[in-house]
>>> print(open('upload-v2.csv').read())   # CSV, C-alpha atoms
chain,number,residue,atom,x,y,z
A,182,LYS,CA,34.8,-21.4,1.1
A,183,GLU,CA,37.5,-19.8,3.3
A,184,GLN,CA,37.9,-17.0,0.8
A,185,ARG,CA,34.2,-16.3,0.9
A,186,LYS,CA,34.2,-16.2,4.7
A,187,LYS,CA,37.1,-13.8,4.6
A,188,ARG,CA,35.4,-11.5,2.1
A,189,GLU,CA,32.2,-11.5,4.2
A,190,ARG,CA,34.2,-10.7,7.3
A,191,GLU,CA,36.0,-7.8,5.5
A,192,ARG,CA,32.7,-6.5,4.1
A,193,ASN,CA,31.2,-6.5,7.6
A,194,GLU,CA,34.2,-4.7,9.1
A,195,LEU,CA,34.0,-2.1,6.3
A,196,ARG,CA,30.3,-1.6,6.9
A,197,ILE,CA,30.9,-0.9,10.6
A,198,LEU,CA,33.7,1.5,9.8
A,199,VAL,CA,31.6,3.4,7.2
A,200,GLY,CA,28.5,3.4,9.3
A,201,THR,CA,30.3,4.7,12.3
A,202,ASN,CA,31.9,7.5,10.3
A,203,LEU,CA,28.6,8.6,8.9
A,204,VAL,CA,27.1,8.6,12.4
A,205,ARG,CA,29.9,10.8,13.7
A,206,LEU,CA,29.6,13.1,10.7
A,207,SER,CA,25.9,13.6,11.4
A,208,GLN,CA,26.7,14.5,15.0
A,209,LEU,CA,29.3,17.2,14.2
A,210,GLU,CA,28.4,20.7,15.4
A,211,GLY,CA,27.7,23.2,12.6
A,212,VAL,CA,26.4,20.6,10.1
A,213,ASP,CA,23.2,22.3,9.1
A,214,GLY,CA,20.8,21.6,6.2
A,215,LYS,CA,22.8,23.8,3.9
A,216,ILE,CA,26.2,22.1,4.5
A,217,TYR,CA,24.5,18.7,4.4
A,218,GLY,CA,22.8,19.5,1.1
A,219,GLU,CA,25.6,21.2,-0.7
A,220,ILE,CA,28.7,19.3,0.5
A,221,ILE,CA,28.1,16.1,2.4
A,222,LEU,CA,25.2,14.5,0.5
A,223,PRO,CA,26.5,15.1,-3.0
A,224,LYS,CA,29.8,13.6,-2.1
A,225,ILE,CA,28.3,10.5,-0.5
A,226,LEU,CA,25.8,10.0,-3.4
A,227,GLU,CA,28.6,10.3,-5.9
A,228,GLN,CA,30.4,7.4,-4.2
A,229,ILE,CA,27.3,5.4,-4.1
A,230,ILE,CA,26.7,5.7,-7.8
A,231,VAL,CA,30.3,4.9,-8.6
A,232,CYS,CA,30.2,1.8,-6.4
A,233,GLY,CA,29.1,-1.2,-8.4
A,234,ASP,CA,28.2,-3.4,-5.4
A,235,PRO,CA,24.4,-3.6,-4.9
A,236,LEU,CA,24.8,-4.6,-1.2
A,237,ALA,CA,27.1,-1.6,-0.6
A,238,GLN,CA,24.7,0.8,-2.4
A,239,ALA,CA,21.7,-0.4,-0.3
A,240,TYR,CA,23.7,-0.2,2.9
A,241,LEU,CA,25.0,3.3,2.3
A,242,ILE,CA,21.6,4.7,1.3
A,243,ASP,CA,20.1,3.2,4.4
A,244,CYS,CA,22.8,4.7,6.5
A,245,ILE,CA,22.0,8.1,5.1
A,246,ILE,CA,18.3,7.8,5.8
A,247,GLN,CA,18.8,6.6,9.4
A,248,VAL,CA,21.6,8.8,10.7
A,249,PHE,CA,20.8,12.2,9.4
A,250,PRO,CA,17.9,14.4,10.7
A,251,ASP,CA,14.5,14.3,9.1
A,252,GLU,CA,14.7,18.1,8.4
A,253,HIS,CA,17.8,17.5,6.2
A,254,HIS,CA,16.0,14.7,4.2
A,255,ILE,CA,13.0,17.0,3.5
A,256,GLU,CA,15.2,19.8,2.4
A,257,THR,CA,17.2,17.6,0.0
A,258,LEU,CA,14.5,15.1,-0.9
A,259,PRO,CA,14.7,15.7,-4.7
A,260,VAL,CA,18.5,15.0,-4.7
A,261,LEU,CA,18.1,11.8,-2.7
A,262,LEU,CA,15.2,10.4,-4.7
A,263,ASP,CA,17.0,11.2,-8.0
A,264,VAL,CA,19.6,8.6,-7.1
A,265,CYS,CA,17.2,5.7,-6.6
A,266,PRO,CA,16.5,4.9,-10.3
A,267,LYS,CA,20.3,4.9,-10.9
A,268,LEU,CA,21.0,2.1,-8.4
A,269,ARG,CA,21.8,-1.4,-9.5
A,270,ASP,CA,18.9,-3.6,-10.4
A,271,LYS,CA,19.6,-5.9,-7.5
A,272,VAL,CA,19.1,-3.1,-5.0
A,273,ASN,CA,15.6,-3.2,-3.5
A,274,VAL,CA,14.5,0.4,-4.1
A,275,ARG,CA,11.1,-0.3,-2.5
A,276,THR,CA,12.6,-0.9,1.0
A,277,ILE,CA,14.7,2.3,0.6
A,278,LEU,CA,11.7,4.4,-0.3
A,279,GLN,CA,9.5,2.8,2.3
A,280,SER,CA,12.1,3.5,5.0
A,281,LEU,CA,12.3,7.2,4.0
A,282,MET,CA,8.5,7.5,3.8
A,283,ASP,CA,8.1,6.0,7.2
A,284,ARG,CA,10.6,8.5,8.7
A,285,LEU,CA,9.0,11.5,7.1
A,286,ALA,CA,5.5,10.4,7.9
A,287,ASN,CA,6.4,9.9,11.6
A,288,TYR,CA,8.1,13.3,11.6
A,289,TYR,CA,5.1,15.0,10.0
A,290,ALA,CA,2.8,13.4,12.5
A,291,ASP,CA,4.9,14.6,15.5
A,292,GLY,CA,2.6,16.9,17.4
A,293,ASP,CA,5.5,18.3,19.4
A,294,LEU,CA,6.8,20.1,16.3
A,295,LEU,CA,4.6,23.2,16.4
A,296,ASP,CA,4.4,25.6,13.5
A,297,GLU,CA,6.4,28.2,15.3
A,298,ALA,CA,9.2,25.7,15.9
A,299,ASP,CA,9.3,24.8,12.2
A,300,LYS,CA,11.8,27.6,11.4
A,301,ASN,CA,12.6,26.5,7.9
A,302,GLN,CA,9.0,25.5,7.2
A,303,VAL,CA,10.1,22.0,6.3
A,304,LYS,CA,6.7,20.6,7.4
A,305,LYS,CA,4.9,23.0,5.1
A,306,THR,CA,7.3,22.0,2.3
A,307,MET,CA,6.6,18.3,2.9
A,308,ALA,CA,2.9,18.8,3.1
A,309,LYS,CA,2.9,20.4,-0.4
A,310,ASP,CA,5.6,18.6,-2.4
A,311,SER,CA,6.7,15.3,-0.9
A,312,TYR,CA,4.1,12.9,-2.4
A,313,PRO,CA,4.6,14.1,-6.0
A,314,MET,CA,8.3,13.6,-5.5
A,315,PHE,CA,8.0,10.0,-4.3
A,316,GLU,CA,5.5,9.3,-7.1
A,317,GLY,CA,7.8,10.7,-9.7
A,318,CYS,CA,10.7,8.6,-8.3
A,319,VAL,CA,8.6,5.4,-8.5
A,320,GLN,CA,7.8,6.2,-12.1
A,321,LYS,CA,11.5,6.7,-12.9
A,322,VAL,CA,12.2,3.3,-11.3
A,323,TYR,CA,9.6,1.7,-13.6
A,324,GLN,CA,11.2,3.4,-16.6
A,325,ALA,CA,14.7,2.3,-15.6
A,326,ARG,CA,13.9,-1.3,-14.8
A,327,GLY,CA,10.8,-2.0,-16.9
A,328,PRO,CA,10.2,-5.8,-17.3
A,329,LYS,CA,12.8,-6.6,-14.6
A,330,LEU,CA,10.2,-5.7,-12.0
A,331,ASN,CA,7.7,-8.4,-11.2
A,332,ALA,CA,4.1,-7.9,-10.2
A,333,LYS,CA,4.9,-8.4,-6.5
A,334,GLU,CA,7.4,-5.6,-6.4
A,335,VAL,CA,5.2,-3.3,-8.5
A,336,ILE,CA,2.3,-3.8,-6.0
A,337,ARG,CA,4.6,-3.2,-3.0
A,338,LEU,CA,5.8,0.0,-4.5
A,339,GLN,CA,2.3,1.3,-5.1
A,340,THR,CA,1.3,0.1,-1.6
A,341,ALA,CA,4.1,2.2,-0.1
A,342,LEU,CA,2.6,5.2,-1.9
A,343,VAL,CA,-0.9,4.5,-0.7
A,344,ASN,CA,0.3,4.1,2.9
A,345,PHE,CA,2.3,7.3,2.7
A,346,SER,CA,-0.6,9.3,1.2
A,347,LEU,CA,-3.1,8.0,3.8
A,348,ARG,CA,-0.8,8.9,6.7
A,349,CYS,CA,0.2,12.3,5.5
A,350,TYR,CA,-2.7,13.4,3.3
A,351,PRO,CA,-5.8,11.6,4.7
A,352,ASP,CA,-8.2,13.9,2.9
A,353,ASP,CA,-6.6,13.7,-0.5
A,354,MET,CA,-8.4,10.8,-2.1
A,355,LYS,CA,-7.1,11.7,-5.6
A,356,GLN,CA,-3.6,10.6,-4.7
A,357,VAL,CA,-4.9,7.2,-3.4
A,358,ASN,CA,-7.1,6.7,-6.4
A,359,GLY,CA,-4.2,7.5,-8.7
A,360,ALA,CA,-1.9,5.0,-7.0
A,361,LEU,CA,-4.5,2.3,-7.2
A,362,GLY,CA,-5.1,3.1,-10.9
A,363,GLU,CA,-1.4,3.0,-11.7
A,364,CYS,CA,-1.1,-0.3,-10.0
A,365,ALA,CA,-4.1,-1.8,-12.0
A,366,THR,CA,-2.5,-0.5,-15.3
A,367,LEU,CA,0.9,-2.0,-14.5
A,368,ILE,CA,-0.5,-5.4,-13.4
A,369,ARG,CA,-2.5,-5.6,-16.7
A,370,GLN,CA,0.7,-4.8,-18.6
A,371,ILE,CA,2.6,-7.5,-16.8
A,372,THR,CA,-0.1,-10.2,-17.1
A,373,THR,CA,-0.7,-9.5,-20.8
A,374,GLY,CA,3.0,-9.4,-21.8
A,375,VAL,CA,3.0,-5.7,-22.9
A,376,TYR,CA,6.8,-5.6,-22.6
A,377,GLY,CA,7.3,-8.3,-25.3
A,378,GLN,CA,7.6,-11.0,-22.8
A,379,ALA,CA,5.3,-14.0,-22.3
A,380,PRO,CA,2.1,-13.1,-20.3
A,381,ALA,CA,2.7,-13.7,-16.6
A,382,PRO,CA,-0.4,-14.3,-14.5
A,383,LEU,CA,-0.3,-13.2,-10.9
A,384,ASP,CA,1.4,-15.7,-8.7
A,385,GLU,CA,0.5,-16.4,-5.1
A,386,ALA,CA,3.0,-13.9,-3.7
A,387,ALA,CA,1.6,-11.1,-5.9
A,388,VAL,CA,-2.0,-12.0,-5.0
A,389,THR,CA,-1.1,-11.8,-1.3
A,390,GLU,CA,0.4,-8.4,-1.7
A,391,LEU,CA,-2.6,-7.2,-3.7
A,392,GLU,CA,-4.9,-8.4,-1.0
A,393,LYS,CA,-2.9,-6.4,1.6
A,394,MET,CA,-3.0,-3.3,-0.6
A,395,LEU,CA,-6.8,-3.4,-1.1
A,396,LYS,CA,-7.3,-3.8,2.7
A,397,ILE,CA,-5.2,-0.8,3.7
A,398,PRO,CA,-7.8,1.9,2.6
A,399,LEU,CA,-10.5,0.0,4.4
A,400,GLU,CA,-9.0,0.7,7.8
A,401,SER,CA,-9.4,4.5,7.5
A,402,MET,CA,-12.0,4.9,4.7
A,403,SER,CA,-14.4,1.9,5.2
A,404,LEU,CA,-17.4,2.4,2.9
A,405,LYS,CA,-15.8,5.5,1.3
A,406,VAL,CA,-13.5,3.2,-0.8
A,407,GLN,CA,-16.5,3.0,-3.2
A,408,GLU,CA,-15.8,6.6,-4.1
A,409,LEU,CA,-12.4,5.5,-5.5
A,410,ASP,CA,-13.0,4.7,-9.2
A,411,ASN,CA,-9.9,2.6,-9.5
A,412,TYR,CA,-10.6,0.5,-6.4
A,413,ASN,CA,-13.1,-1.8,-8.1
A,414,ASP,CA,-10.8,-2.1,-11.2
A,415,LEU,CA,-8.0,-3.4,-9.0
A,416,PHE,CA,-10.3,-5.6,-7.0
A,417,ALA,CA,-11.5,-7.3,-10.2
A,418,LEU,CA,-7.9,-8.4,-10.9
A,419,LEU,CA,-8.0,-10.7,-7.8
A,420,PRO,CA,-8.8,-14.4,-8.3
A,421,TYR,CA,-12.1,-15.5,-6.9
A,422,PRO,CA,-11.0,-16.7,-3.4
A,423,SER,CA,-9.1,-13.5,-2.8
A,424,ARG,CA,-12.1,-11.4,-3.7
A,425,ARG,CA,-13.9,-13.2,-0.9
A,426,GLN,CA,-11.2,-12.3,1.6
A,427,VAL,CA,-11.1,-8.6,0.7
A,428,GLY,CA,-14.9,-8.5,0.5
A,429,MET,CA,-15.1,-9.9,4.1
A,430,SER,CA,-12.6,-7.3,5.3
A,431,MET,CA,-14.8,-4.6,3.7
A,432,LEU,CA,-17.9,-5.9,5.4
A,433,ARG,CA,-16.2,-6.2,8.8
A,434,SER,CA,-14.9,-2.6,8.4
A,435,ILE,CA,-18.4,-1.3,7.6
A,436,VAL,CA,-20.0,-3.2,10.5
A,437,SER,CA,-17.4,-2.2,13.1
A,438,SER,CA,-17.4,1.5,12.0
A,439,GLY,CA,-21.2,1.7,11.8
A,440,GLN,CA,-20.9,3.6,8.5
A,441,ALA,CA,-23.6,1.6,6.7
A,442,PRO,CA,-24.8,2.5,3.2
A,443,ALA,CA,-27.3,5.4,3.4
A,444,THR,CA,-28.8,5.2,-0.1
A,445,ALA,CA,-30.0,2.4,-2.3
A,446,LYS,CA,-27.2,3.1,-4.8
A,447,GLU,CA,-24.5,2.9,-2.2
A,448,LEU,CA,-25.9,-0.5,-1.1
A,449,GLU,CA,-26.2,-1.7,-4.7
A,450,ASP,CA,-22.5,-0.8,-5.3
A,451,LEU,CA,-21.5,-2.6,-2.1
A,452,PHE,CA,-23.4,-5.8,-2.9
A,453,ALA,CA,-21.9,-5.7,-6.4
A,454,LEU,CA,-18.4,-5.7,-4.8
A,455,VAL,CA,-19.1,-8.5,-2.3
A,456,ALA,CA,-21.0,-10.7,-4.8
A,457,PRO,CA,-18.3,-13.4,-4.6
A,458,ILE,CA,-19.3,-13.8,-0.9
A,459,ILE,CA,-23.0,-14.0,-1.5
A,460,GLN,CA,-23.2,-16.1,-4.6
A,461,SER,CA,-21.9,-19.6,-5.1
A,462,ASN,CA,-19.3,-20.6,-7.7
A,463,GLN,CA,-21.9,-22.1,-10.0
A,464,GLN,CA,-24.0,-18.9,-9.9
A,465,GLN,CA,-21.1,-16.8,-11.0
A,466,GLY,CA,-20.3,-19.1,-13.9
A,467,LEU,CA,-16.8,-20.0,-12.5
A,468,PRO,CA,-14.9,-23.0,-14.0
A,469,ASN,CA,-14.7,-26.2,-12.0
A,470,GLN,CA,-11.0,-25.7,-11.2
A,471,MET,CA,-11.9,-22.6,-9.2
A,472,MET,CA,-14.4,-24.5,-7.0
A,473,MET,CA,-13.7,-24.1,-3.3
A,474,PRO,CA,-13.5,-27.1,-0.9
A,475,ASP,CA,-15.9,-27.5,2.0
A,476,ARG,CA,-16.6,-24.0,3.3
A,477,SER,CA,-19.2,-24.6,6.0
A,478,LEU,CA,-17.3,-22.8,8.8
A,479,GLU,CA,-16.4,-19.9,6.4
A,480,MET,CA,-20.0,-19.7,5.3
A,481,GLN,CA,-21.2,-19.4,8.8
A,482,GLU,CA,-18.8,-16.5,9.4
A,483,GLU,CA,-19.9,-14.8,6.2
A,484,ASN,CA,-23.6,-15.2,7.0
A,485,SER,CA,-22.9,-13.7,10.5
A,486,VAL,CA,-21.3,-10.6,9.0
A,487,LEU,CA,-23.9,-10.2,6.3
A,488,SER,CA,-26.6,-10.5,9.0
A,489,LYS,CA,-24.9,-7.8,11.0
A,490,LEU,CA,-24.8,-5.6,8.0
A,491,VAL,CA,-28.5,-5.9,7.5
A,492,HIS,CA,-29.1,-4.7,11.1
A,493,THR,CA,-27.0,-1.5,10.5
A,494,LEU,CA,-29.2,-0.5,7.5
A,495,GLY,CA,-31.7,2.3,7.7
A,496,ASP,CA,-33.2,4.6,10.2
A,497,GLU,CA,-36.6,4.4,11.9
A,498,GLN,CA,-36.9,8.2,11.4
A,499,ASP,CA,-37.0,7.6,7.6
A,500,PRO,CA,-39.1,4.5,7.0
A,501,ASP,CA,-39.3,5.0,3.2
A,502,THR,CA,-35.5,4.9,2.8
A,503,TRP,CA,-35.3,2.1,5.3
A,504,PHE,CA,-37.7,0.0,3.3
A,505,GLU,CA,-35.8,0.7,0.1
A,506,LEU,CA,-32.5,-0.4,1.6
A,507,LEU,CA,-34.1,-3.6,3.0
A,508,SER,CA,-35.6,-4.3,-0.4
A,509,VAL,CA,-32.2,-4.0,-2.1
A,510,ALA,CA,-30.7,-6.2,0.6
A,511,ARG,CA,-33.4,-8.9,0.1
A,512,LYS,CA,-32.9,-8.9,-3.7
A,513,HIS,CA,-29.1,-9.5,-3.4
A,514,LEU,CA,-29.1,-11.9,-0.5
A,515,SER,CA,-31.8,-14.0,-2.1
A,516,ALA,CA,-29.3,-14.8,-4.9
A,517,GLY,CA,-27.2,-16.7,-2.4
A,518,GLY,CA,-29.1,-20.0,-2.7
A,519,PRO,CA,-30.9,-22.0,0.0
A,520,SER,CA,-27.9,-22.5,2.2
A,521,ARG,CA,-27.3,-18.8,2.3
A,522,THR,CA,-30.8,-17.4,2.5
A,523,ALA,CA,-31.8,-19.6,5.4
A,524,GLU,CA,-29.5,-17.6,7.6
A,525,VAL,CA,-29.2,-14.1,6.1
A,526,LEU,CA,-32.9,-13.4,5.2
A,527,PRO,CA,-34.4,-13.6,8.8
A,528,PRO,CA,-32.5,-10.5,9.9
A,529,LEU,CA,-34.5,-8.5,7.4
A,530,VAL,CA,-37.6,-9.2,9.5
A,531,TYR,CA,-36.2,-9.1,13.0
>>> encode(input="upload-v2.csv", output="structure tokens")
Amino acid sequence: KEQRKKRERERNELRILVGTNLVRLSQLEGVDGKIYGEIILPKILEQIIVCGDPLAQAYLIDCIIQVFPDEHHIETLPVLLDVCPKLRDKVNVRTILQSLMDRLANYYADGDLLDEADKNQVKKTMAKDSYPMFEGCVQKVYQARGPKLNAKEVIRLQTALVNFSLRCYPDDMKQVNGALGECATLIRQITTGVYGQAPAPLDEAAVTELEKMLKIPLESMSLKVQELDNYNDLFALLPYPSRRQVGMSMLRSIVSSGQAPATAKELEDLFALVAPIIQSNQQQGLPNQMMMPDRSLEMQEENSVLSKLVHTLGDEQDPDTWFELLSVARKHLSAGGPSRTAEVLPPLVY
């Protein structure tokens, strides 16, 4: 026990020493992007790879990300990302990538950095190339670690990509859709035992992370998530109670944003997605073990949100489309059974 305490104390002292030296190195005059990329970074990364201690590897990478300027990271991003798949299996690559993504996203969003001040055009480089670099790094991590990555970590890695894309490329839905599709594919591989291992159904921690991932696009896209082909595929992998939770988040987002479905098809697609909220367990043919306990308070909240949705539909200036939307709503809401229809059908009239 004493030996362990001694080793931990020595490790902490070494951390402080190394971290302090890296800070001083980053503050030296004349250390520009070229010197950093050609001399400093390669030497540090060489030592990180040689070092066999996962804690030391994670600490040193984090030090590099935190102490050196954002411009240096953008100019040397391929070199830094190339090291991540080579780290020991116990190193949490996701936290490293997320930390780097957060720094670069904050830098890119900095309005004080005008185009004329961007002498090396690092912002332009980042806008064009950074997401494919991160995506490629994540793929290499999957290849390097394979079955050693559980579903929770896979979802977290893909969530980091979705977050980064929405922050830096809000108009590029192809990237978000691709990240969601890759996540769905990997989850299916894990749950069906594609790697030669026994099938591993999603545990509670993985389901929680998947819920978080599916709620992220709702904050900025609201109803537009229906345009993402892979969103529904990923949504379908959730267990029944979780689909209710994400469906409620979607309805709240639509109601608060005022971006209600404008066509019958959009409304049909929406009701198909939130069917777990409207219909009872028995109506959906779910097994008894998935039956929910008393949900009277939850049902009241669900009915309230569904009623608000009805009031956002249509436009008095276009009565034909309005009637069509209300007809679609009535068809789907009527499938909720007596306890549901008693509260959600009246808003169709008033």
>>> closest_residue(input="upload-v2.csv", among="A:Ile216, A:Leu236, A:Glu252, A:Gln208", to="Arg196 of chain A", atoms="all atoms listed in the file")
A:Leu236
>>> closest_residue(input="upload-v2.csv", among="A:Arg433, A:Lys215, A:Lys321, A:Arg275", to="Thr257 of chain A", atoms="all atoms listed in the file")
A:Lys215
>>> residues_around(input="upload-v2.csv", residues="Ser520 of chain A", least_positions_apart="6", cutoff="12 Å", atoms="only C-alpha atoms", output="list in words")
Ile459, Gln460, Ser461, Arg476, Ser477, Met480, Gln481, Glu483, Asn484, Leu514 and Leu526 of chain A
>>> write_last_selection(input="upload-v2.csv", atoms="C-alpha atoms", output="JSON list (two decimals), in the coordinates of the input")
[["chain", "number", "residue", "atom", "x", "y", "z"],
["A", 459, "ILE", "CA", -23.00, -14.00, -1.50],
["A", 460, "GLN", "CA", -23.20, -16.10, -4.60],
["A", 461, "SER", "CA", -21.90, -19.60, -5.10],
["A", 476, "ARG", "CA", -16.60, -24.00, 3.30],
["A", 477, "SER", "CA", -19.20, -24.60, 6.00],
["A", 480, "MET", "CA", -20.00, -19.70, 5.30],
["A", 481, "GLN", "CA", -21.20, -19.40, 8.80],
["A", 483, "GLU", "CA", -19.90, -14.80, 6.20],
["A", 484, "ASN", "CA", -23.60, -15.20, 7.00],
["A", 514, "LEU", "CA", -29.10, -11.90, -0.50],
["A", 526, "LEU", "CA", -32.90, -13.40, 5.20]]
>>> closest_residue(input="upload-v2.csv", among="A:Thr373, A:Thr340, A:Gln320, A:Thr444", to="Lys396 of chain A", atoms="all atoms listed in the file")
A:Thr340
>>> closest_residue(input="upload-v2.csv", among="A:Asp213, A:Glu227, A:Asp243, A:Asp270", to="Glu256 of chain A", atoms="only C-alpha atoms")
A:Asp213
>>> atom_distance(input="upload-v2.csv", atom1="atom CA of Gln324 of chain A", atom2="atom CA of Asp352 of chain A")
29.4 Å
>>> closest_residue(input="upload-v2.csv", among="A:Glu334, A:Asp291, A:Glu316, A:Glu524", to="Val274 of chain A", atoms="only C-alpha atoms")
A:Glu334
>>> atom_distance(input="upload-v2.csv", atom1="atom CA of Val525 of chain A", atom2="atom CA of Ser485 of chain A")
7.7 Å
